[in-house]
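Reproduced below: target07.txt, with compact mmCIF, C-alpha atoms.
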```txt
# COMPACT_ATOMS: atom_id res chain seq x y z
CA MET A 1 34.58 -2.55 9.97
CA SER A 2 31.48 -1.20 11.58
CA PHE A 3 31.51 2.28 13.03
CA ILE A 4 29.27 3.94 15.57
CA THR A 5 26.19 5.47 13.98
CA ARG A 6 25.82 9.06 15.20
CA GLY A 7 22.78 9.43 17.40
CA PHE A 8 21.84 5.75 17.54
CA SER A 9 21.53 4.08 20.92
CA GLY A 10 19.19 1.22 20.09
CA ALA A 11 16.38 -0.29 22.10
CA GLY A 12 17.73 -3.73 22.79
CA ARG A 13 20.11 -3.41 25.70
CA GLU A 14 19.47 -6.88 27.09
CA ARG A 15 20.46 -9.05 24.19
CA ASP A 16 19.11 -12.57 24.50
CA PRO A 17 21.91 -15.06 23.86
CA ARG A 18 19.50 -17.09 21.76
CA LEU A 19 19.38 -14.24 19.23
CA PRO A 20 21.74 -14.82 16.27
CA PRO A 21 23.75 -11.86 14.93
CA GLY A 22 21.77 -9.24 13.03
CA GLN A 23 18.44 -10.46 14.38
CA THR A 24 15.77 -8.61 16.38
CA LEU A 25 13.17 -10.18 18.64
CA VAL A 26 9.55 -9.99 17.60
CA ALA A 27 6.46 -10.93 19.57
CA ASP A 28 4.16 -11.18 16.58
CA TRP A 29 4.69 -13.46 13.62
CA PRO A 30 5.39 -11.63 10.35
CA VAL A 31 4.33 -13.13 7.03
CA LEU A 32 6.69 -13.26 4.06
CA SER A 33 5.82 -14.99 0.81
CA ALA A 34 6.78 -14.39 -2.80
CA GLY A 35 3.24 -14.77 -4.08
CA PRO A 36 -0.38 -15.27 -3.09
CA THR A 37 -1.39 -17.62 -0.29
CA PRO A 38 -2.62 -20.84 -1.92
CA ASP A 39 -5.83 -22.48 -0.73
CA VAL A 40 -4.79 -26.04 0.15
CA SER A 41 -7.31 -28.50 1.59
CA THR A 42 -6.32 -31.53 3.66
CA ASP A 43 -8.98 -33.62 1.87
CA ASP A 44 -6.93 -34.22 -1.24
CA TRP A 45 -3.61 -33.33 0.38
CA SER A 46 -0.67 -35.64 -0.08
CA PHE A 47 2.99 -35.61 0.71
CA SER A 48 5.52 -37.48 -1.36
CA VAL A 49 9.22 -38.21 -1.45
CA ARG A 50 10.82 -38.96 -4.81
CA THR A 51 14.07 -40.89 -4.81
CA GLU A 52 16.26 -42.43 -7.50
CA THR A 53 14.07 -45.53 -7.30
CA GLY A 54 10.58 -44.12 -7.13
CA LEU A 55 7.88 -42.18 -5.33
CA THR A 56 6.47 -42.72 -1.84
CA THR A 57 3.25 -40.90 -1.03
CA TRP A 58 1.25 -40.33 2.14
CA THR A 59 -2.23 -38.89 2.55
CA TRP A 60 -2.85 -36.37 5.33
CA ASP A 61 -4.04 -39.06 7.74
CA GLU A 62 -1.25 -41.46 6.76
CA LEU A 63 1.40 -38.84 7.37
CA LEU A 64 0.07 -37.86 10.79
CA ALA A 65 -0.16 -41.58 11.64
CA LEU A 66 3.64 -41.71 11.42
CA GLY A 67 3.50 -39.88 14.73
CA VAL A 68 3.58 -36.23 15.68
CA GLU A 69 5.96 -34.56 18.11
CA ASP A 70 5.59 -31.37 20.11
CA VAL A 71 8.64 -29.17 19.91
CA THR A 72 9.53 -25.71 21.18
CA VAL A 73 12.00 -23.96 18.88
CA ASP A 74 13.25 -20.51 17.88
CA ILE A 75 12.71 -19.33 14.31
CA HIS A 76 14.96 -16.88 12.50
CA CYS A 77 13.88 -15.00 9.37
CA VAL A 78 16.49 -13.61 6.99
CA THR A 79 14.64 -10.27 7.12
CA HIS A 80 16.13 -9.84 10.61
CA TRP A 81 13.39 -11.01 12.94
CA THR A 82 13.58 -13.87 15.39
CA LYS A 83 10.71 -15.40 17.34
CA LEU A 84 11.73 -17.40 20.41
CA ASP A 85 10.08 -20.35 22.08
CA MET A 86 7.48 -21.17 19.47
CA ASP A 87 5.41 -24.27 20.11
CA TRP A 88 5.03 -26.47 17.08
CA ARG A 89 3.56 -29.89 16.37
CA GLY A 90 4.55 -32.01 13.42
CA VAL A 91 5.84 -35.24 11.99
CA PRO A 92 9.62 -35.56 12.28
CA LEU A 93 11.44 -36.06 9.00
CA ASP A 94 13.20 -38.96 10.73
CA ALA A 95 9.88 -40.85 10.77
CA ILE A 96 9.33 -40.13 7.09
CA PHE A 97 12.83 -41.22 6.09
CA GLU A 98 12.51 -44.50 7.99
CA ASN A 99 10.46 -45.51 4.94
CA ILE A 100 12.90 -44.16 2.37
CA GLU A 101 16.00 -45.68 0.80
CA THR A 102 18.23 -43.18 -0.94
CA SER A 103 21.88 -42.46 -1.54
CA ALA A 104 21.24 -38.82 -2.44
CA ASP A 105 22.57 -36.17 -0.07
CA TYR A 106 20.37 -33.20 -1.02
CA VAL A 107 16.68 -32.44 -1.09
CA MET A 108 14.58 -30.06 -3.16
CA VAL A 109 11.50 -29.16 -1.18
CA HIS A 110 8.41 -28.47 -3.32
CA SER A 111 5.35 -26.48 -2.30
CA HIS A 112 1.87 -25.75 -3.59
CA GLY A 113 2.15 -22.53 -5.55
CA GLY A 114 5.46 -23.55 -7.10
CA TYR A 115 7.89 -22.52 -4.34
CA THR A 116 11.02 -24.61 -3.95
CA THR A 117 13.97 -24.59 -1.57
CA ASN A 118 17.06 -26.77 -1.35
CA VAL A 119 18.22 -28.39 1.89
CA ALA A 120 20.94 -30.91 2.66
CA LEU A 121 19.51 -34.20 3.95
CA ASP A 122 21.80 -33.92 6.99
CA ASP A 123 19.93 -30.75 7.96
CA LEU A 124 16.60 -32.60 7.95
CA LEU A 125 17.47 -35.72 9.97
CA GLY A 126 18.44 -36.31 13.58
CA GLY A 127 15.59 -34.40 15.22
CA LYS A 128 16.18 -31.26 13.17
CA ALA A 129 13.10 -30.98 10.94
CA TRP A 130 9.37 -31.63 10.89
CA ILE A 131 6.36 -31.45 8.60
CA ALA A 132 4.47 -29.11 10.89
CA ASN A 133 0.69 -28.86 11.00
CA GLU A 134 0.19 -26.85 14.18
CA ALA A 135 1.80 -23.76 15.66
CA GLU A 136 1.13 -22.22 19.05
CA GLY A 137 -1.55 -24.85 19.69
CA GLU A 138 -3.61 -24.06 16.61
CA PRO A 139 -3.84 -25.57 13.14
CA LEU A 140 -1.31 -23.78 10.96
CA GLU A 141 -2.93 -20.73 9.32
CA PRO A 142 -2.83 -20.65 5.49
CA GLU A 143 -0.74 -17.45 5.44
CA HIS A 144 1.83 -19.20 7.62
CA GLY A 145 1.93 -22.24 5.35
CA GLY A 146 -1.07 -24.27 6.42
CA PRO A 147 -2.19 -26.95 6.31
CA ALA A 148 1.44 -28.05 6.58
CA ARG A 149 4.89 -26.56 6.16
CA LEU A 150 8.40 -27.80 6.55
CA LEU A 151 9.97 -26.69 9.85
CA VAL A 152 13.79 -26.49 9.91
CA PRO A 153 14.47 -24.12 12.80
CA ALA A 154 18.27 -24.36 12.58
CA LEU A 155 18.20 -22.59 9.19
CA TYR A 156 16.77 -19.23 8.14
CA PHE A 157 13.05 -19.57 7.84
CA TRP A 158 12.77 -19.38 4.05
CA LYS A 159 14.05 -22.98 4.15
CA SER A 160 10.94 -23.93 6.17
CA ALA A 161 8.82 -24.10 3.03
CA LYS A 162 5.15 -23.22 3.44
CA TRP A 163 2.40 -25.34 1.85
CA VAL A 164 4.84 -28.21 1.46
CA ARG A 165 3.79 -31.05 -0.82
CA GLY A 166 6.87 -33.13 -1.36
CA LEU A 167 10.60 -33.70 -1.44
CA VAL A 168 12.75 -34.67 -4.42
CA MET A 169 16.10 -36.23 -3.59
CA MET A 170 19.10 -34.80 -5.46
CA ASP A 171 22.70 -35.98 -5.81
CA ASP A 172 23.91 -32.37 -6.07
CA ASP A 173 22.87 -29.23 -4.23
CA GLU A 174 20.74 -27.31 -6.72
CA PRO A 175 19.31 -23.86 -5.85
CA GLY A 176 15.61 -23.46 -5.07
CA PHE A 177 13.46 -20.37 -5.54
CA TRP A 178 15.05 -17.83 -3.20
CA GLU A 179 18.46 -19.43 -3.66
CA GLN A 180 18.18 -18.52 -7.37
CA ASN A 181 17.02 -15.04 -6.38
CA GLY A 182 19.90 -13.97 -4.20
CA TYR A 183 19.72 -16.05 -1.03
CA HIS A 184 22.28 -18.43 0.40
CA MET A 185 22.39 -22.14 -0.50
CA HIS A 186 22.62 -23.21 3.18
CA GLY A 187 21.24 -20.40 5.38
CA ASP A 188 22.76 -20.81 8.86
CA PRO A 189 21.57 -17.85 10.99
CA TRP A 190 24.48 -18.14 13.40
CA THR A 191 27.04 -17.46 10.66
CA GLU A 192 24.68 -15.06 8.82
CA GLU A 193 24.50 -17.12 5.64
CA ARG A 194 21.91 -14.69 4.28
CA TYR A 195 22.83 -13.87 0.72
CA TRP A 196 25.20 -14.96 -2.02
CA MET B 1 23.74 -20.59 -10.31
CA VAL B 2 25.27 -17.17 -10.54
CA ASN B 3 27.77 -16.36 -7.87
CA ARG B 4 28.71 -12.80 -7.14
CA ILE B 5 31.30 -11.62 -4.71
CA ARG B 6 30.23 -8.50 -2.90
CA PRO B 7 31.57 -6.67 0.10
CA ALA B 8 29.33 -7.41 3.06
CA TRP B 9 28.60 -3.82 4.04
CA LEU B 10 29.12 -0.51 2.26
CA VAL B 11 29.38 2.90 3.89
CA ALA B 12 26.56 5.19 2.76
CA THR B 13 26.61 8.94 3.29
CA VAL B 14 23.27 10.68 3.73
CA THR B 15 23.06 13.51 1.21
CA GLU B 16 19.47 14.61 1.90
CA VAL B 17 16.62 13.93 4.29
CA LEU B 18 13.32 15.28 3.00
CA PRO B 19 9.76 15.15 4.29
CA GLU B 20 7.80 12.50 2.40
CA THR B 21 4.53 12.61 4.37
CA ALA B 22 3.69 13.80 7.87
CA THR B 23 5.31 10.64 9.27
CA ALA B 24 7.72 9.50 6.56
CA ARG B 25 11.07 10.80 5.40
CA ARG B 26 12.78 10.44 2.05
CA ILE B 27 16.42 9.55 2.55
CA VAL B 28 18.92 10.06 -0.25
CA LEU B 29 22.18 8.15 0.10
CA ASP B 30 25.44 8.24 -1.77
CA VAL B 31 26.93 4.75 -1.65
CA PRO B 32 30.41 4.48 -3.18
CA GLY B 33 30.81 0.94 -4.51
CA TRP B 34 27.05 0.42 -4.93
CA PRO B 35 26.70 -1.93 -7.91
CA GLY B 36 23.42 -0.42 -9.08
CA ASN B 37 20.04 -2.02 -8.55
CA ASP B 38 16.97 -3.27 -10.38
CA ALA B 39 13.67 -1.49 -9.87
CA GLY B 40 11.86 -3.11 -6.93
CA SER B 41 14.83 -4.46 -4.99
CA HIS B 42 15.69 -3.71 -1.36
CA LEU B 43 18.68 -3.26 0.91
CA ASP B 44 19.66 -3.83 4.51
CA ILE B 45 20.62 -0.97 6.81
CA ARG B 46 22.80 -1.59 9.86
CA LEU B 47 23.15 0.83 12.75
CA THR B 48 25.74 0.52 15.51
CA ALA B 49 25.38 1.98 19.03
CA PRO B 50 28.39 3.21 21.05
CA ASP B 51 28.46 -0.05 23.06
CA GLY B 52 28.62 -2.14 19.89
CA TYR B 53 24.94 -3.03 19.84
CA GLN B 54 23.73 -3.35 16.25
CA ALA B 55 20.32 -3.32 14.61
CA SER B 56 19.60 -4.25 11.00
CA ARG B 57 16.46 -3.80 8.93
CA SER B 58 15.43 -4.19 5.30
CA TYR B 59 14.02 -1.31 3.24
CA SER B 60 12.70 -1.14 -0.30
CA ILE B 61 14.60 1.10 -2.69
CA ALA B 62 12.70 3.84 -4.52
CA SER B 63 15.47 4.43 -7.08
CA TYR B 64 16.93 2.11 -9.69
CA GLY B 65 19.71 1.95 -12.21
CA PRO B 66 23.49 2.07 -12.15
CA SER B 67 23.87 5.21 -10.01
CA SER B 68 25.48 5.19 -6.58
CA ARG B 69 22.68 7.56 -5.51
CA VAL B 70 20.16 5.41 -3.64
CA VAL B 71 16.77 6.75 -2.54
CA LEU B 72 14.73 5.29 0.31
CA SER B 73 11.43 6.41 1.77
CA VAL B 74 10.87 5.29 5.31
CA ASP B 75 7.68 5.51 7.32
CA ASP B 76 8.00 6.03 11.05
CA ILE B 77 6.90 3.04 13.09
CA PRO B 78 6.70 4.61 16.56
CA THR B 79 7.25 1.30 18.35
CA GLY B 80 10.16 0.41 16.08
CA GLU B 81 13.84 0.71 16.77
CA VAL B 82 15.39 1.63 13.43
CA SER B 83 12.66 3.54 11.60
CA PRO B 84 12.27 6.20 14.37
CA PHE B 85 16.03 6.78 14.17
CA LEU B 86 15.91 7.07 10.38
CA THR B 87 12.90 9.40 10.36
CA HIS B 88 13.73 11.60 13.36
CA GLU B 89 17.48 11.52 13.96
CA LEU B 90 19.25 10.90 10.66
CA ARG B 91 20.47 14.00 8.83
CA ALA B 92 22.60 14.97 5.86
CA GLY B 93 26.25 14.11 6.38
CA ASP B 94 25.59 11.09 8.59
CA GLN B 95 27.02 7.75 7.61
CA ILE B 96 25.28 4.39 7.91
CA GLU B 97 26.10 0.90 6.70
CA VAL B 98 24.11 -0.66 3.87
CA HIS B 99 24.17 -4.03 2.14
CA GLY B 100 22.60 -4.81 -1.17
CA PRO B 101 20.89 -4.72 -3.50
CA LEU B 102 18.84 -7.67 -2.28
CA GLY B 103 16.01 -9.63 -3.83
CA ALA B 104 15.90 -10.66 -7.46
CA TYR B 105 12.21 -11.60 -7.64
CA PHE B 106 10.10 -8.58 -6.74
CA VAL B 107 11.88 -6.60 -9.45
CA TRP B 108 11.14 -5.46 -12.98
CA ARG B 109 13.75 -5.23 -15.70
CA PRO B 110 13.17 -3.59 -19.08
CA ALA B 111 14.73 -6.54 -20.94
CA GLY B 112 15.95 -10.05 -20.37
CA PHE B 113 15.22 -12.23 -17.33
CA GLY B 114 12.56 -10.64 -15.14
CA SER B 115 11.21 -8.42 -17.92
CA THR B 116 7.69 -8.39 -19.34
CA THR B 117 6.30 -7.86 -22.82
CA GLY B 118 2.63 -7.25 -21.93
CA PRO B 119 0.48 -5.35 -19.45
CA VAL B 120 1.62 -5.04 -15.84
CA GLN B 121 -0.55 -4.03 -12.87
CA LEU B 122 1.10 -2.43 -9.84
CA ILE B 123 -0.89 -2.35 -6.58
CA GLY B 124 0.49 -0.61 -3.51
CA GLY B 125 -0.91 -0.06 -0.05
CA GLY B 126 0.56 2.82 1.99
CA SER B 127 4.35 2.75 2.02
CA GLY B 128 4.15 -0.32 -0.25
CA ILE B 129 4.30 2.18 -3.09
CA VAL B 130 8.08 2.55 -2.66
CA PRO B 131 9.31 -0.37 -4.83
CA LEU B 132 6.35 0.11 -7.18
CA TYR B 133 7.34 3.72 -7.76
CA ALA B 134 10.79 2.48 -8.80
CA ILE B 135 9.19 0.00 -11.19
CA ALA B 136 6.82 2.63 -12.66
CA ARG B 137 9.74 5.02 -13.09
CA ALA B 138 11.81 2.30 -14.79
CA ALA B 139 8.92 1.47 -17.11
CA ALA B 140 8.48 5.14 -18.01
CA ASP B 141 12.20 5.54 -18.68
CA ALA B 142 12.14 2.43 -20.88
CA GLY B 143 9.25 3.83 -22.93
CA ARG B 144 6.95 1.10 -21.63
CA MET B 145 4.58 3.20 -19.56
CA ALA B 146 1.60 2.35 -21.79
CA ASP B 147 1.79 -1.26 -20.56
CA PHE B 148 1.71 -0.28 -16.90
CA ARG B 149 -1.08 0.68 -14.52
CA LEU B 150 -0.74 1.62 -10.88
CA LEU B 151 -3.31 1.36 -8.13
CA THR B 152 -2.45 3.11 -4.87
CA SER B 153 -4.35 2.85 -1.61
CA VAL B 154 -3.58 5.45 1.06
CA ARG B 155 -5.41 6.85 4.06
CA SER B 156 -5.58 10.38 2.66
CA PRO B 157 -3.94 12.47 -0.07
CA GLU B 158 -1.39 13.67 2.52
CA ASP B 159 -0.26 10.06 3.06
CA GLN B 160 0.74 9.52 -0.57
CA PHE B 161 4.45 8.79 -0.94
CA PHE B 162 6.04 10.26 -4.08
CA ALA B 163 2.91 12.36 -4.62
CA THR B 164 4.57 14.92 -6.91
CA GLU B 165 6.44 12.27 -8.87
CA LEU B 166 3.30 10.17 -9.33
CA ASP B 167 1.37 13.22 -10.52
CA ALA B 168 4.12 13.81 -13.10
CA LEU B 169 3.96 10.20 -14.25
CA ALA B 170 0.17 10.48 -14.49
CA ALA B 171 0.50 13.68 -16.52
CA ALA B 172 2.92 11.85 -18.80
CA GLY B 173 0.33 9.13 -19.37
CA LEU B 174 0.65 6.52 -16.61
CA ARG B 175 -2.76 5.20 -15.65
CA ILE B 176 -3.06 5.65 -11.88
CA ASP B 177 -6.12 4.57 -9.91
CA ARG B 178 -6.31 6.00 -6.40
CA VAL B 179 -8.09 4.65 -3.37
CA TYR B 180 -8.46 6.80 -0.23
CA THR B 181 -9.42 4.82 2.85
CA ARG B 182 -10.03 7.61 5.41
CA ALA B 183 -10.16 11.00 3.69
CA ALA B 184 -10.50 11.81 0.00
CA PRO B 185 -9.75 15.10 -1.76
CA SER B 186 -12.71 17.46 -1.99
CA GLY B 187 -14.93 16.60 -4.91
CA TRP B 188 -13.63 13.03 -5.09
CA PRO B 189 -16.37 10.95 -6.73
CA VAL B 190 -16.53 8.18 -4.12
CA ALA B 191 -16.59 8.21 -0.33
CA PRO B 192 -13.39 7.14 1.43
CA GLY B 193 -13.22 3.43 2.08
CA ARG B 194 -11.00 0.43 1.88
CA LEU B 195 -10.34 -1.34 -1.38
CA THR B 196 -12.74 -4.25 -1.88
CA ARG B 197 -12.81 -7.11 -4.32
CA ASP B 198 -15.50 -5.34 -6.31
CA SER B 199 -13.76 -1.98 -6.39
CA LEU B 200 -10.53 -3.73 -7.40
CA ALA B 201 -12.35 -5.60 -10.16
CA ALA B 202 -13.85 -2.34 -11.39
CA VAL B 203 -10.52 -0.64 -12.03
CA ILE B 204 -8.08 -3.33 -13.11
CA PRO B 205 -8.15 -4.97 -16.53
CA ASP B 206 -9.35 -8.53 -17.10
CA ALA B 207 -7.08 -11.21 -15.71
CA ALA B 208 -6.41 -12.62 -19.16
CA THR B 209 -4.86 -9.36 -20.30
CA ILE B 210 -2.42 -8.96 -17.38
CA GLU B 211 0.98 -10.54 -17.78
CA ARG B 212 2.12 -9.80 -14.25
CA SER B 213 0.97 -8.07 -11.07
CA TYR B 214 3.13 -6.65 -8.30
CA VAL B 215 1.42 -6.21 -4.94
CA CYS B 216 3.19 -4.51 -2.03
CA GLY B 217 2.04 -3.23 1.32
CA PRO B 218 1.19 -4.33 4.84
CA THR B 219 0.51 -8.05 5.18
CA PRO B 220 -3.32 -7.82 5.50
CA PHE B 221 -3.47 -5.59 2.40
CA VAL B 222 -1.31 -7.95 0.35
CA GLU B 223 -3.14 -11.06 1.57
CA ALA B 224 -6.51 -9.52 0.65
CA VAL B 225 -5.47 -8.15 -2.74
CA ALA B 226 -3.59 -11.27 -3.84
CA GLY B 227 -6.57 -13.40 -2.83
CA TRP B 228 -8.97 -11.17 -4.80
CA LEU B 229 -6.72 -11.32 -7.86
CA ILE B 230 -6.94 -15.10 -7.76
CA ASP B 231 -10.72 -14.90 -7.29
CA LEU B 232 -10.80 -12.68 -10.38
CA GLY B 233 -9.01 -15.31 -12.41
CA HIS B 234 -5.39 -14.21 -12.19
CA SER B 235 -2.97 -17.11 -12.26
CA PRO B 236 -1.00 -17.29 -8.97
CA GLY B 237 2.23 -17.45 -10.94
CA THR B 238 1.59 -13.99 -12.36
CA ILE B 239 1.28 -12.34 -8.93
CA ARG B 240 4.45 -11.19 -7.17
CA THR B 241 4.08 -9.99 -3.60
CA GLU B 242 6.10 -8.13 -1.03
CA ARG B 243 4.74 -7.85 2.50
CA PHE B 244 5.79 -5.19 4.97
CA GLY B 245 5.77 -5.62 8.70
CA GLY B 246 3.96 -8.13 10.86
```
Rewrite the structure of this file - the entire thing - as structure tokens.
Amino acid sequence: MSFITRGFSGAGRERDPRLPPGQTLVADWPVLSAGPTPDVSTDDWSFSVRTETGLTTWTWDELLALGVEDVTVDIHCVTHWTKLDMDWRGVPLDAIFENIETSADYVMVHSHGGYTTNVALDDLLGGKAWIANEAEGEPLEPEHGGPARLLVPALYFWKSAKWVRGLVMMDDDEPGFWEQNGYHMHGDPWTEERYW
Amino acid sequence: MVNRIRPAWLVATVTEVLPETATARRIVLDVPGWPGNDAGSHLDIRLTAPDGYQASRSYSIASYGPSSRVVLSVDDIPTGEVSPFLTHELRAGDQIEVHGPLGAYFVWRPAGFGSTTGPVQLIGGGSGIVPLYAIARAAADAGRMADFRLLTSVRSPEDQFFATELDALAAAGLRIDRVYTRAAPSGWPVAPGRLTRDSLAAVIPDAATIERSYVCGPTPFVEAVAGWLIDLGHSPGTIRTERFGG
């Protein structure tokens, strides 16, 4: 039931069809985090997946040895900015889950610093998600989640957890950090699944 | 998980637009149906052009509590799309769409989940004072002002948001430390300059005595301050941040 705002014409006449509703294009790359930027070294870095049967862990070198891909994707932040055509490099979750047996349908993503976010396994497999270690041709900056973050471009970007350290498989969809603090369990930008 | 059903967008009527600083405006809204908000939360504003084009942005809320009167303070970003409209065009009687309140983390509540029992340090850079002013006000109203300290960093005295209100809180006993980066009031004991780790360490209490810190401002300010707090021994879990802009 929107109405015309008196005096507002807007700047964005040519609306890019890749822009989901309620989003605005940015050229820079804003930073949003709930707390300080943790200092995470790749020396003692590890990534693990916990399932109903146990824990599988990779070191930094072991994870990258699973094979990296270069992808160009659009990212959409719930705070209304979208950045198009970002170049990323990372290990596809498909490669990680080739080594994993699980019957659980949901994932809690855990990060250094205590951040968590919940994602359905279906949203991570089939070429839809990566553990990303480079963006725009450079190692991922700490404030953007370096040394590695989850990259799930089809969902609002709070699901792309910075400083990722592991996944815990879950039978049920439990809320992570922002999902407990007002944000949507799924987070599809095209249907504006922003908030509860 | 708590589930709340809320209407997607509410119609807000502008009741006042007041000068905040040379570049910022204070915008007072009446929002029928507003469910009230915690100190520190934010809302989305949506504007619609005659051809249906829409733009949405998030803004921190300077007011708190159950009232349908919602106060914002918006700095003009000349290259922006929504803030120039809000600061130059919007006037009393206009209607805009709002959605909220949003964010349940960068908030302070006097009791229950999200509350504190010990000392709290607020640190704001520039317009980052907006949610911190709401928190300081809430603490004062709850009789908890003695536990709170506020550090503000602004370019000059004329750039201080909520200057009169902060002076009143200071007169009532809130400890406020002020940093001027470009121009200080005459007779100010130190030359203007950016906050540093050492100057931060000199004015905030020992890490062990702080239960929680709230840091809000432009990204470089928040990154620097949060990093210094950790250097000074603050546990990362005690530091809540809100970053403005890119």
Please report as JSON lines every residue of chain A lying within 8 Å of chain B, along with the nearest atom pair and their distance in Å (one decimal), using all atoms listed in the file.
```
{"residue": "A:Ser2", "atom": "CA", "partner": "B:Thr48", "partner_atom": "CA", "distance": 7.2}
{"residue": "A:Phe3", "atom": "CA", "partner": "B:Thr48", "partner_atom": "CA", "distance": 6.5}
{"residue": "A:Ile4", "atom": "CA", "partner": "B:Thr48", "partner_atom": "CA", "distance": 4.9}
{"residue": "A:Thr5", "atom": "CA", "partner": "B:Thr48", "partner_atom": "CA", "distance": 5.2}
{"residue": "A:Arg6", "atom": "CA", "partner": "B:Asp94", "partner_atom": "CA", "distance": 6.9}
{"residue": "A:Gly7", "atom": "CA", "partner": "B:Glu89", "partner_atom": "CA", "distance": 6.7}
{"residue": "A:Phe8", "atom": "CA", "partner": "B:Ala49", "partner_atom": "CA", "distance": 5.4}
{"residue": "A:Ser9", "atom": "CA", "partner": "B:Ala49", "partner_atom": "CA", "distance": 4.8}
{"residue": "A:Gly10", "atom": "CA", "partner": "B:Glu81", "partner_atom": "CA", "distance": 6.3}
{"residue": "A:Ala11", "atom": "CA", "partner": "B:Glu81", "partner_atom": "CA", "distance": 6.0}
{"residue": "A:Gly12", "atom": "CA", "partner": "B:Tyr53", "partner_atom": "CA", "distance": 7.8}
{"residue": "A:Arg13", "atom": "CA", "partner": "B:Tyr53", "partner_atom": "CA", "distance": 7.6}
{"residue": "A:Gly22", "atom": "CA", "partner": "B:Ser56", "partner_atom": "CA", "distance": 5.8}
{"residue": "A:Gln23", "atom": "CA", "partner": "B:Ser56", "partner_atom": "CA", "distance": 7.2}
{"residue": "A:Thr24", "atom": "CA", "partner": "B:Ala55", "partner_atom": "CA", "distance": 7.2}
{"residue": "A:Asp28", "atom": "CA", "partner": "B:Gly246", "partner_atom": "CA", "distance": 6.5}
{"residue": "A:Trp29", "atom": "CA", "partner": "B:Gly246", "partner_atom": "CA", "distance": 6.0}
{"residue": "A:Pro30", "atom": "CA", "partner": "B:Gly246", "partner_atom": "CA", "distance": 3.8}
{"residue": "A:Val31", "atom": "CA", "partner": "B:Gly246", "partner_atom": "CA", "distance": 6.3}
{"residue": "A:Leu32", "atom": "CA", "partner": "B:Arg243", "partner_atom": "CA", "distance": 6.0}
{"residue": "A:Ser33", "atom": "CA", "partner": "B:Thr241", "partner_atom": "CA", "distance": 6.9}
{"residue": "A:Ala34", "atom": "CA", "partner": "B:Thr241", "partner_atom": "CA", "distance": 5.2}
{"residue": "A:Gly35", "atom": "CA", "partner": "B:Thr241", "partner_atom": "CA", "distance": 4.9}
{"residue": "A:Pro36", "atom": "CA", "partner": "B:Ala226", "partner_atom": "CA", "distance": 5.2}
{"residue": "A:Thr37", "atom": "CA", "partner": "B:Glu223", "partner_atom": "CA", "distance": 7.0}
{"residue": "A:Thr79", "atom": "CA", "partner": "B:Ser58", "partner_atom": "CA", "distance": 6.4}
{"residue": "A:His80", "atom": "CA", "partner": "B:Arg57", "partner_atom": "CA", "distance": 6.3}
{"residue": "A:Gly113", "atom": "CA", "partner": "B:Pro236", "partner_atom": "CA", "distance": 7.0}
{"residue": "A:Gly114", "atom": "CA", "partner": "B:Gly237", "partner_atom": "CA", "distance": 7.9}
{"residue": "A:Glu143", "atom": "CA", "partner": "B:Glu223", "partner_atom": "CA", "distance": 7.8}
{"residue": "A:Pro175", "atom": "CA", "partner": "B:Met1", "partner_atom": "CA", "distance": 7.1}
{"residue": "A:Gln180", "atom": "CA", "partner": "B:Met1", "partner_atom": "CA", "distance": 6.6}
{"residue": "A:Asn181", "atom": "CA", "partner": "B:Ala104", "partner_atom": "CA", "distance": 4.6}
{"residue": "A:Gly182", "atom": "CA", "partner": "B:Gly103", "partner_atom": "CA", "distance": 5.8}
{"residue": "A:Tyr183", "atom": "CA", "partner": "B:Gly103", "partner_atom": "CA", "distance": 7.9}
{"residue": "A:Tyr195", "atom": "CA", "partner": "B:Leu102", "partner_atom": "CA", "distance": 8.0}
{"residue": "A:Trp196", "atom": "CA", "partner": "B:Asn3", "partner_atom": "CA", "distance": 6.5}
```
Calculated over only C-alpha atoms, which of the candidates A:Trp178, A:Trp130, A:Trp58, A:Tyr106 has the smallest distance to A:Gly90?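 Looking only at the distances to A:Gly90, the closest residue turns out to be A:Trp130.
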Please list as a ChimeraX atom specification every residue within 12 Å of A:Val107, counting all atoms listed in the file and excluding residues in the same chain fewer than 6 positions away. /A:49-52,93,97,116-125,159,166-176,185-186
For each of B:His88, B:Arg178, B:Arg109, B:His42, take the minimum atom-to-atom distance to B:Val190, counting all atoms listed in the file, then give the residue where this is smallest. B:Arg178
Is it possible to get the axis-aligned box enclosing stretch 147-150 of chain B (all listed atoms, 3 Å extra per side) as JSON, with centre and edge lengths in Å rounded to one decimal?
```
{"center_x": 0.4, "center_y": 0.2, "center_z": -15.7, "size_x": 8.9, "size_y": 8.9, "size_z": 15.7}
```
Rank B:Leu232, B:Ala172, B:Ile77, B:Ala184 by their smallest atom-to-atom distance to B:Asp198, using only C-alpha atoms, and report the top residue only.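 Under the stated criterion, the closest residue is B:Leu232.
Of the residues under consideration (B:Ala139, B:Leu72, B:Ile123, B:Ala22), B:Ile123 shows the shortest atom-to-atom contact distance to B:Asp177 when counting only C-alpha atoms.
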Could you get me a file of stretch 10-21 of chain B with C-alpha atoms, as a short mmCIF file (atom, residue, chain, number, x, y, z; two decimals), in the first residue's frame, taken from the block above?
```
data_model
loop_
_atom_site.label_atom_id
_atom_site.label_comp_id
_atom_site.auth_asym_id
_atom_site.auth_seq_id
_atom_site.Cartn_x
_atom_site.Cartn_y
_atom_site.Cartn_z
CA LEU B 10 3.68 1.73 8.77
CA VAL B 11 2.76 5.24 7.67
CA ALA B 12 4.71 7.86 9.61
CA THR B 13 3.75 11.52 9.67
CA VAL B 14 6.54 14.05 10.10
CA THR B 15 5.68 16.31 13.02
CA GLU B 16 8.91 18.33 13.15
CA VAL B 17 12.13 18.80 11.22
CA LEU B 18 14.77 20.62 13.26
CA PRO B 19 18.37 21.57 12.61
CA GLU B 20 20.69 19.14 14.38
CA THR B 21 24.04 20.40 13.05
#
```
